[in-house]
$ cat start24.txt   # compact mmCIF, C-alpha atoms (C1' of nucleotides)
# COMPACT_ATOMS: atom_id res chain seq x y z
CA MET A 28 0.00 0.00 0.00
CA PRO A 29 2.32 2.70 1.09
CA GLU A 30 5.21 4.40 -0.59
CA LEU A 31 7.67 6.78 0.99
CA PRO A 32 5.22 9.63 1.75
CA GLU A 33 2.65 7.29 3.31
CA VAL A 34 5.28 5.59 5.48
CA GLU A 35 6.67 8.98 6.47
CA THR A 36 3.17 10.10 7.45
CA ILE A 37 2.68 6.97 9.54
CA ALA A 38 6.06 7.47 11.24
CA ARG A 39 5.18 11.07 12.12
CA THR A 40 1.79 10.02 13.45
CA LEU A 41 3.10 7.14 15.54
CA ARG A 42 6.20 8.88 16.90
CA PRO A 43 4.59 10.98 19.67
CA GLU A 44 2.39 8.04 20.64
CA LEU A 45 5.16 5.47 20.87
CA VAL A 46 8.37 7.07 22.08
CA GLY A 47 8.99 6.32 25.75
CA LYS A 48 6.53 3.46 25.97
CA THR A 49 7.43 -0.04 27.07
CA ILE A 50 6.48 -3.15 25.11
CA LEU A 51 4.85 -5.55 27.56
CA GLU A 52 4.04 -8.38 25.21
CA ALA A 53 3.62 -9.41 21.60
CA ASP A 54 0.64 -11.27 20.22
CA VAL A 55 1.80 -12.90 17.00
CA ARG A 56 -1.39 -13.74 15.16
CA TRP A 57 0.15 -14.73 11.81
CA ALA A 58 3.60 -16.21 12.27
CA ARG A 59 4.87 -15.52 8.78
CA THR A 60 4.50 -11.80 9.38
CA LEU A 61 7.78 -12.17 11.25
CA ALA A 62 10.70 -12.23 8.85
CA MET A 63 12.98 -12.74 11.85
CA PRO A 64 13.40 -14.09 14.41
CA SER A 65 10.99 -16.93 15.25
CA ALA A 66 7.76 -16.04 17.04
CA LYS A 67 9.08 -17.51 20.29
CA LYS A 68 12.32 -15.50 20.23
CA PHE A 69 10.48 -12.42 19.03
CA ARG A 70 8.18 -12.49 22.04
CA GLU A 71 11.07 -13.08 24.43
CA GLN A 72 13.35 -10.43 23.00
CA ILE A 73 10.81 -7.64 22.58
CA GLN A 74 9.27 -8.03 26.02
CA GLY A 75 10.33 -5.15 28.30
CA GLN A 76 11.95 -3.11 25.52
CA VAL A 77 11.48 0.64 25.65
CA ILE A 78 10.82 2.55 22.43
CA GLN A 79 13.54 5.12 21.84
CA SER A 80 12.63 6.52 18.41
CA VAL A 81 10.40 6.04 15.40
CA GLY A 82 12.08 6.63 12.05
CA ARG A 83 11.82 5.71 8.41
CA ARG A 84 14.25 4.37 5.82
CA ALA A 85 12.78 4.00 2.34
CA LYS A 86 9.45 2.23 2.87
CA PHE A 87 10.56 0.69 6.16
CA LEU A 88 9.51 1.96 9.55
CA ASN A 89 12.45 1.83 11.90
CA ILE A 90 11.54 1.67 15.57
CA GLN A 91 14.61 1.76 17.77
CA LEU A 92 14.37 0.02 21.12
CA THR A 93 16.41 0.16 24.32
CA PRO A 94 20.16 -0.11 23.77
CA LEU A 95 21.32 -3.45 25.11
CA ARG A 96 24.15 -2.01 27.19
CA GLU A 97 24.94 1.58 27.96
CA PRO A 98 26.48 3.50 26.41
CA GLN A 99 27.91 1.60 23.44
CA GLY A 100 25.61 -1.39 23.44
CA ARG A 101 23.82 -2.35 20.27
CA ALA A 102 20.13 -1.61 20.12
CA TYR A 103 17.37 -3.77 18.81
CA HIS A 104 15.37 -2.35 15.96
CA LEU A 105 11.84 -3.23 15.05
CA LEU A 106 11.69 -2.84 11.27
CA ILE A 107 8.29 -2.95 9.60
CA HIS A 108 7.50 -3.10 5.89
CA LEU A 109 3.82 -2.62 5.04
CA ARG A 110 4.09 -3.92 1.46
CA MET A 111 0.71 -3.75 -0.33
CA SER A 112 -1.95 -3.72 2.35
CA GLY A 113 -0.29 -3.23 5.73
CA ASP A 114 -1.33 -0.58 8.23
CA LEU A 115 -0.32 0.39 11.75
CA VAL A 116 -2.72 1.83 14.28
CA ILE A 117 -2.67 2.69 17.96
CA LYS A 118 -5.61 1.50 19.99
CA ASP A 119 -6.51 1.60 23.65
CA GLY A 120 -9.10 0.41 26.07
CA LYS A 121 -10.67 -3.00 25.68
CA ILE A 122 -9.69 -4.11 22.20
CA LYS A 123 -10.51 -7.25 20.34
CA ALA A 124 -8.41 -8.47 17.47
CA GLU A 125 -9.87 -7.72 14.06
CA LYS A 126 -9.92 -10.04 11.12
CA HIS A 127 -6.62 -9.08 9.52
CA ASP A 128 -4.60 -8.16 12.59
CA ARG A 129 -1.27 -9.97 12.24
CA LEU A 130 0.69 -8.62 15.22
CA ILE A 131 -0.41 -6.76 18.33
CA LEU A 132 2.05 -5.18 20.76
CA THR A 133 0.81 -4.28 24.21
CA LEU A 134 2.36 -1.06 25.47
CA ALA A 135 2.71 0.50 28.90
CA PRO A 136 2.79 4.30 29.05
CA PHE A 137 6.22 4.55 30.68
CA PRO A 138 9.39 2.52 31.18
CA SER A 139 8.16 -0.33 33.36
CA PRO A 140 9.66 -3.61 32.34
CA HIS A 141 7.55 -5.50 34.80
CA GLY A 142 4.46 -4.10 33.32
CA ARG A 143 1.02 -3.64 34.55
CA GLY A 144 0.18 -1.51 37.50
CA VAL A 145 -3.22 -0.78 38.91
CA GLY A 146 -4.93 1.92 36.92
CA VAL A 147 -2.21 1.96 34.28
CA LYS A 148 -3.78 2.46 30.90
CA GLU A 149 -2.42 0.09 28.30
CA THR A 150 -2.31 0.90 24.62
CA TYR A 151 -1.73 -1.32 21.63
CA LEU A 152 0.23 -1.04 18.42
CA VAL A 153 -1.71 -3.11 15.91
CA PHE A 154 -0.26 -4.31 12.60
CA ASN A 155 -3.17 -5.05 10.28
CA ASP A 156 -2.42 -6.52 6.87
CA THR A 157 -5.14 -7.99 4.67
CA ARG A 158 -2.92 -9.56 2.07
CA LYS A 159 -0.23 -10.89 4.44
CA PHE A 160 2.61 -9.48 2.37
CA GLY A 161 3.88 -7.20 5.14
CA ARG A 162 6.92 -8.22 7.17
CA VAL A 163 8.43 -7.39 10.56
CA TRP A 164 12.05 -7.82 11.65
CA LEU A 165 13.50 -7.62 15.14
CA THR A 166 17.25 -7.31 14.83
CA ASP A 167 20.33 -5.58 16.22
CA ASN A 168 21.83 -5.45 12.74
CA ILE A 169 19.66 -3.27 10.53
CA GLU A 170 22.26 -3.31 7.75
CA LYS A 171 21.30 -6.89 7.08
CA VAL A 172 17.80 -5.72 6.18
CA LEU A 173 18.41 -2.21 4.82
CA GLY A 174 21.94 -2.58 3.48
CA LYS A 175 21.18 -2.86 -0.21
CA LEU A 176 18.86 0.12 -0.44
CA GLY A 177 19.72 3.02 -2.70
CA PRO A 178 19.84 6.64 -1.52
CA GLU A 179 16.94 8.41 0.16
CA PRO A 180 15.56 10.73 -2.51
CA LEU A 181 15.02 13.55 -0.01
CA SER A 182 18.52 13.32 1.45
CA ASP A 183 21.59 15.37 0.54
CA ASP A 184 23.36 12.52 -1.22
CA PHE A 185 20.61 12.35 -3.83
CA THR A 186 21.86 15.02 -6.21
CA PRO A 187 21.16 15.71 -9.90
CA GLN A 188 24.74 14.76 -10.69
CA TRP A 189 24.46 11.47 -8.82
CA LEU A 190 21.20 10.66 -10.60
CA TYR A 191 22.64 11.48 -14.03
CA ASN A 192 25.68 9.28 -13.47
CA ALA A 193 23.57 6.48 -12.03
CA LEU A 194 21.09 6.59 -14.94
CA VAL A 195 23.62 6.58 -17.76
CA SER A 196 25.69 3.83 -16.16
CA ARG A 197 22.82 1.39 -16.63
CA HIS A 198 20.70 0.16 -19.49
CA ARG A 199 17.27 0.04 -17.97
CA GLN A 200 13.83 1.36 -18.77
CA LEU A 201 13.14 4.34 -16.53
CA LYS A 202 10.02 3.04 -14.82
CA PRO A 203 11.37 -0.31 -13.61
CA LEU A 204 14.63 1.36 -12.66
CA LEU A 205 12.91 3.94 -10.48
CA LEU A 206 10.91 1.16 -8.82
CA ASP A 207 14.15 -0.70 -8.05
CA GLN A 208 14.79 -0.03 -4.35
CA THR A 209 18.51 -0.68 -4.73
CA PHE A 210 18.63 2.20 -7.22
CA ILE A 211 16.55 4.78 -5.34
CA ALA A 212 14.71 3.88 -2.15
CA GLY A 213 11.11 4.80 -1.53
CA LEU A 214 9.39 5.27 -4.87
CA GLY A 215 6.47 3.00 -5.72
CA ASN A 216 4.01 2.72 -8.56
CA ILE A 217 2.13 5.97 -7.92
CA TYR A 218 4.98 8.36 -7.27
CA THR A 219 7.05 6.93 -10.12
CA ASP A 220 4.29 7.63 -12.64
CA GLU A 221 3.77 11.09 -11.16
CA ALA A 222 7.48 11.91 -11.22
CA LEU A 223 7.96 10.74 -14.81
CA HIS A 224 5.01 12.83 -15.92
CA THR A 225 6.26 15.90 -14.07
CA ALA A 226 9.70 15.42 -15.64
CA LYS A 227 8.15 14.81 -19.09
CA LEU A 228 9.94 11.50 -19.53
CA HIS A 229 8.51 8.35 -21.12
CA PRO A 230 8.37 5.39 -18.70
CA LEU A 231 10.03 3.11 -21.25
CA LYS A 232 12.83 5.51 -22.16
CA SER A 233 16.23 3.93 -21.70
CA SER A 234 18.12 5.29 -18.70
CA ASN A 235 21.37 5.63 -20.61
CA SER A 236 19.72 7.91 -23.17
CA VAL A 237 18.83 10.56 -20.59
CA THR A 238 20.54 13.94 -20.95
CA LYS A 239 21.97 15.87 -18.07
CA ARG A 240 19.13 18.35 -18.33
CA GLN A 241 16.55 15.52 -18.25
CA ALA A 242 18.25 13.94 -15.24
CA GLU A 243 17.98 17.26 -13.43
CA ARG A 244 14.32 17.49 -14.30
CA LEU A 245 13.74 13.96 -13.04
CA HIS A 246 15.63 14.67 -9.84
CA ASP A 247 13.54 17.75 -9.17
CA ALA A 248 10.31 15.96 -10.13
CA ILE A 249 10.98 13.04 -7.77
CA ARG A 250 11.54 15.40 -4.87
CA GLU A 251 8.58 17.54 -5.80
CA VAL A 252 6.04 14.71 -5.93
CA LEU A 253 7.37 13.08 -2.75
CA ARG A 254 7.26 16.39 -0.87
CA GLU A 255 3.76 17.07 -2.12
CA GLY A 256 2.73 13.59 -1.04
CA ILE A 257 4.11 14.15 2.45
CA ARG A 258 2.53 17.61 2.64
CA ARG A 259 -0.83 16.04 1.86
CA ASN A 260 -0.24 13.24 4.40
CA GLY A 261 0.06 10.65 1.65
CA ALA A 262 -2.61 9.18 -0.57
CA SER A 263 -5.64 7.33 0.77
CA ILE A 264 -6.89 4.63 -1.54
CA ASP A 265 -8.74 1.45 -0.64
CA ARG A 266 -10.63 1.14 2.59
CA VAL A 267 -7.65 2.12 4.64
CA TYR A 268 -8.15 5.81 5.10
CA ARG A 269 -5.33 7.54 6.83
CA GLY A 270 -6.37 11.12 6.35
CA GLY A 271 -4.14 11.81 3.36
CA ASP A 272 -5.58 13.41 0.26
CA PHE A 273 -2.84 13.19 -2.35
CA GLN A 274 -5.12 10.82 -4.30
CA ASN A 275 -7.16 13.88 -5.29
CA HIS A 276 -4.11 15.44 -6.90
CA PHE A 277 -2.74 12.66 -9.07
CA ARG A 278 -1.70 13.98 -12.49
CA VAL A 279 -1.73 10.64 -14.30
CA TYR A 280 -1.91 7.71 -11.86
CA GLY A 281 -5.26 5.95 -12.18
CA ARG A 282 -6.47 8.53 -14.70
CA THR A 283 -6.51 6.39 -17.84
CA GLY A 284 -8.56 8.10 -20.55
CA GLU A 285 -8.78 11.39 -18.68
CA LYS A 286 -7.13 14.56 -19.92
CA CYS A 287 -3.50 15.31 -19.18
CA PRO A 288 -3.52 18.31 -16.80
CA VAL A 289 -0.77 19.93 -18.88
CA CYS A 290 -1.83 19.46 -22.51
CA GLY A 291 -5.26 17.79 -22.47
CA THR A 292 -4.17 14.66 -24.32
CA LYS A 293 -5.81 11.43 -23.16
CA ILE A 294 -3.73 9.62 -20.57
CA LYS A 295 -2.62 6.17 -21.63
CA ARG A 296 -2.21 3.02 -19.59
CA ILE A 297 0.37 0.38 -20.40
CA VAL A 298 1.76 -2.51 -18.39
CA VAL A 299 5.45 -2.45 -17.52
CA GLY A 300 6.94 -5.25 -15.46
CA GLN A 301 3.44 -6.37 -14.43
CA ARG A 302 2.66 -2.89 -13.08
CA SER A 303 0.04 -0.46 -14.39
CA THR A 304 1.79 2.54 -15.86
CA HIS A 305 0.06 5.81 -16.66
CA PHE A 306 1.49 8.55 -18.83
CA CYS A 307 0.70 11.30 -21.30
CA PRO A 308 1.72 10.19 -24.80
CA ASN A 309 2.12 13.82 -25.83
CA CYS A 310 4.13 15.22 -22.90
CA GLN A 311 6.19 12.09 -22.37
CA ARG A 312 7.91 11.12 -25.62
CA LYS A 313 10.43 8.38 -26.00
C1' DC B 17 23.37 -7.58 -16.39
C1' DA B 18 18.57 -6.84 -18.14
C1' DC B 19 14.16 -8.56 -18.54
C1' DG B 20 10.07 -11.66 -18.26
C1' DT B 21 7.22 -14.64 -15.32
C1' DC B 22 5.50 -16.46 -11.32
C1' DA B 23 4.62 -16.61 -6.40
C1' DC B 24 3.02 -14.74 -2.24
C1' DC B 25 -2.38 -13.28 -0.37
C1' DT B 26 -7.23 -11.33 0.13
C1' DG B 27 -11.01 -8.66 -1.34
C1' DC B 28 -13.56 -5.79 -4.42
C1' DG B 29 -15.81 -4.30 -8.71
C1' DT B 30 -17.44 -5.79 -13.23
C1' DG B 31 -19.71 -8.42 -16.56
C1' DC B 32 -22.06 -12.57 -17.97
C1' DT C 13 -27.29 -14.86 -6.83
C1' DG C 14 -23.18 -17.16 -8.46
C1' DC C 15 -18.97 -17.15 -10.63
C1' DA C 16 -14.93 -16.05 -13.35
C1' DC C 17 -11.85 -12.51 -14.10
C1' DG C 18 -9.01 -8.55 -13.61
C1' DC C 19 -7.18 -5.48 -10.53
C1' DA C 20 -4.71 -3.56 -6.25
C1' DG C 21 0.37 1.79 -3.26
C1' DG C 22 5.48 -4.53 -3.16
C1' DT C 23 9.15 -7.58 -3.53
C1' DG C 24 11.90 -11.85 -4.18
C1' DA C 25 13.06 -16.06 -6.64
C1' DC C 26 13.50 -18.01 -10.80
C1' DG C 27 14.64 -18.72 -15.93
C1' DT C 28 16.43 -16.97 -20.48
$ encode --input "start24.txt" --output "structure tokens"
Amino acid sequence: MPELPEVETIARTLRPELVGKTILEADVRWARTLAMPSAKKFREQIQGQVIQSVGRRAKFLNIQLTPLREPQGRAYHLLIHLRMSGDLVIKDGKIKAEKHDRLILTLAPFPSPHGRGVGVKETYLVFNDTRKFGRVWLTDNIEKVLGKLGPEPLSDDFTPQWLYNALVSRHRQLKPLLLDQTFIAGLGNIYTDEALHTAKLHPLKSSNSVTKRQAERLHDAIREVLREGIRRNGASIDRVYRGGDFQNHFRVYGRTGEKCPVCGTKIKRIVVGQRSTHFCPNCQRK
DNA sequence: CACGTCACCTGCGTGC
DNA sequence: TGCACGCAGGTGACGT
């Protein structure tokens, strides 16, 4: 479901709710949600951990837990990838597990490894994932999970020059290349189509045929659409409504047959690498 | 290395 | 109403 702006929005929403809380227990309701470790070890290791921070790398949520040993000890990280249909919500009071809840963490409102006190209000972090594609890792070595990712498109090391060099050093169609998380990390099907349209580049154009000027345009377009997505709190499609409204501002994604907002030409849909791809045949020439 | 295909899953809208 | 089909914001493992 989510791409970089949606995951960023979730991280920002969860952060003030989670930081400082203690994880009392884990209810693993679908074992394969855990990429590592086993459900048994997961429950043992996460119990009593205090949440230090809530971050994002690419489409991964990165929840840092108590350092093992002060001050240099390694810290566990809870890494969560929502894939197509995952969602994270905070609940409190008397909750009952819903149909597609895959993992439920019980939280205490302050550092209290031994848990429950009288009158202490517990909250829950619920991972709901209809299609079961989402995955959760608990590890003290995040490089093992995140190590192959390309640069963050909103970071300083993503520059026009870097993008130009990276594009021309490969022979790939632009759309699949931008979806490749080892190339750039965080773009998905929506924001890739939006960025290519904004940059006026055809999704099937070969990366090594891009000029320096076009690479600059693409660089700026990628940042622009991601920032707009974040500003609008992401896009809300499906039944999972998260309050974002970027879906009302798509230029081409999901607008097959409608008019291009720039030139009025009918937007075309093709399939590239099994993914729906939307573009303006007039603005985006090969 | 680049690209195509399938697998992993569930649910929803469409058309017969 | 039932049913088949296509589609969905992602990724990884294959084969050529």
$ closest_atom_pairs --input "start24.txt" --of "chain A" --to "chain C" --cutoff "10 Å" --atoms "all atoms listed in the file" --output "tab-separated table"
residue	atom	partner	partner_atom	distance
A:Met28	CA	C:DG21	C1'	3.7
A:Pro29	CA	C:DG21	C1'	4.9
A:Glu30	CA	C:DG21	C1'	6.1
A:Leu31	CA	C:DG21	C1'	9.8
A:Glu33	CA	C:DG21	C1'	8.9
A:Lys86	CA	C:DG22	C1'	9.9
A:His108	CA	C:DG22	C1'	9.4
A:Leu109	CA	C:DG22	C1'	8.6
A:Arg110	CA	C:DG22	C1'	4.9
A:Met111	CA	C:DG22	C1'	5.6
A:Ser112	CA	C:DG21	C1'	8.2
A:Phe160	CA	C:DG22	C1'	8.0
A:Gly161	CA	C:DG22	C1'	8.9
A:Leu206	CA	C:DG22	C1'	9.7
A:Asp207	CA	C:DT23	C1'	9.6
A:Gln208	CA	C:DT23	C1'	9.5
A:Leu214	CA	C:DG21	C1'	9.8
A:Gly215	CA	C:DG21	C1'	6.7
A:Asn216	CA	C:DG21	C1'	6.5
A:Ile217	CA	C:DG21	C1'	6.5
A:Tyr218	CA	C:DG21	C1'	9.0
A:Ala262	CA	C:DG21	C1'	8.4
A:Ser263	CA	C:DG21	C1'	9.1
A:Ile264	CA	C:DG21	C1'	8.0
A:Asp265	CA	C:DA20	C1'	8.5
A:Ser303	CA	C:DC19	C1'	9.6
$ closest_residue --input "start24.txt" --among "A:Val252, A:Cys287, A:Leu204, A:Leu132" --to "chain B" --atoms "all atoms listed in the file"
A:Leu204
$ atom_distance --input "start24.txt" --atom1 "CA of Lys48 (chain A)" --atom2 "CA of Phe69 (chain A)"
17.8 Å
$ interface_residues --input "start24.txt" --of "chain B" --to "chain A" --cutoff "10 Å" --atoms "all atoms listed in the file" --output "count of residues only"
10
$ residues_near_point --input "start24.txt" --point "(17.6, 17.1, -18.7)" --cutoff "10 Å" --atoms "all atoms listed in the file" --output "compact mmCIF listing (two decimals) with C-alpha atoms, in the frame of the given file"
# COMPACT_ATOMS: atom_id res chain seq x y z
CA PRO A 187 21.16 15.71 -9.90
CA TYR A 191 22.64 11.48 -14.03
CA ALA A 226 9.70 15.42 -15.64
CA LYS A 227 8.15 14.81 -19.09
CA LEU A 228 9.94 11.50 -19.53
CA VAL A 237 18.83 10.56 -20.59
CA THR A 238 20.54 13.94 -20.95
CA LYS A 239 21.97 15.87 -18.07
CA ARG A 240 19.13 18.35 -18.33
CA GLN A 241 16.55 15.52 -18.25
CA ALA A 242 18.25 13.94 -15.24
CA GLU A 243 17.98 17.26 -13.43
CA ARG A 244 14.32 17.49 -14.30
CA LEU A 245 13.74 13.96 -13.04
CA HIS A 246 15.63 14.67 -9.84
$ atom_distance --input "start24.txt" --atom1 "CA of Thr283 (chain A)" --atom2 "CA of Leu205 (chain A)"
20.9 Å
$ atom_distance --input "start24.txt" --atom1 "CA of Asp183 (chain A)" --atom2 "CA of Thr304 (chain A)"
28.7 Å
$ residues_around --input "start24.txt" --residues "Thr209 (chain A)" --least-positions-apart "2" --cutoff "8 Å" --atoms "all atoms listed in the file" --output "list of chain:residue names"
A:Lys175, A:Leu176, A:Gly177, A:Asp207, A:Ile211, A:Ala212
$ residues_around --input "start24.txt" --residues "Ile131 (chain A)" --least-positions-apart "4" --cutoff "8 Å" --atoms "only C-alpha atoms (C1' of nucleotides)" --output "list in words"
Ala53, Asp54, Val55, Arg56, Tyr151, Leu152, Val153 and Phe154 of chain A
$ closest_residue --input "start24.txt" --among "A:Trp189, A:Gly82, A:Pro288, A:Arg312" --to "Leu41 (chain A)" --atoms "only C-alpha atoms"
A:Gly82
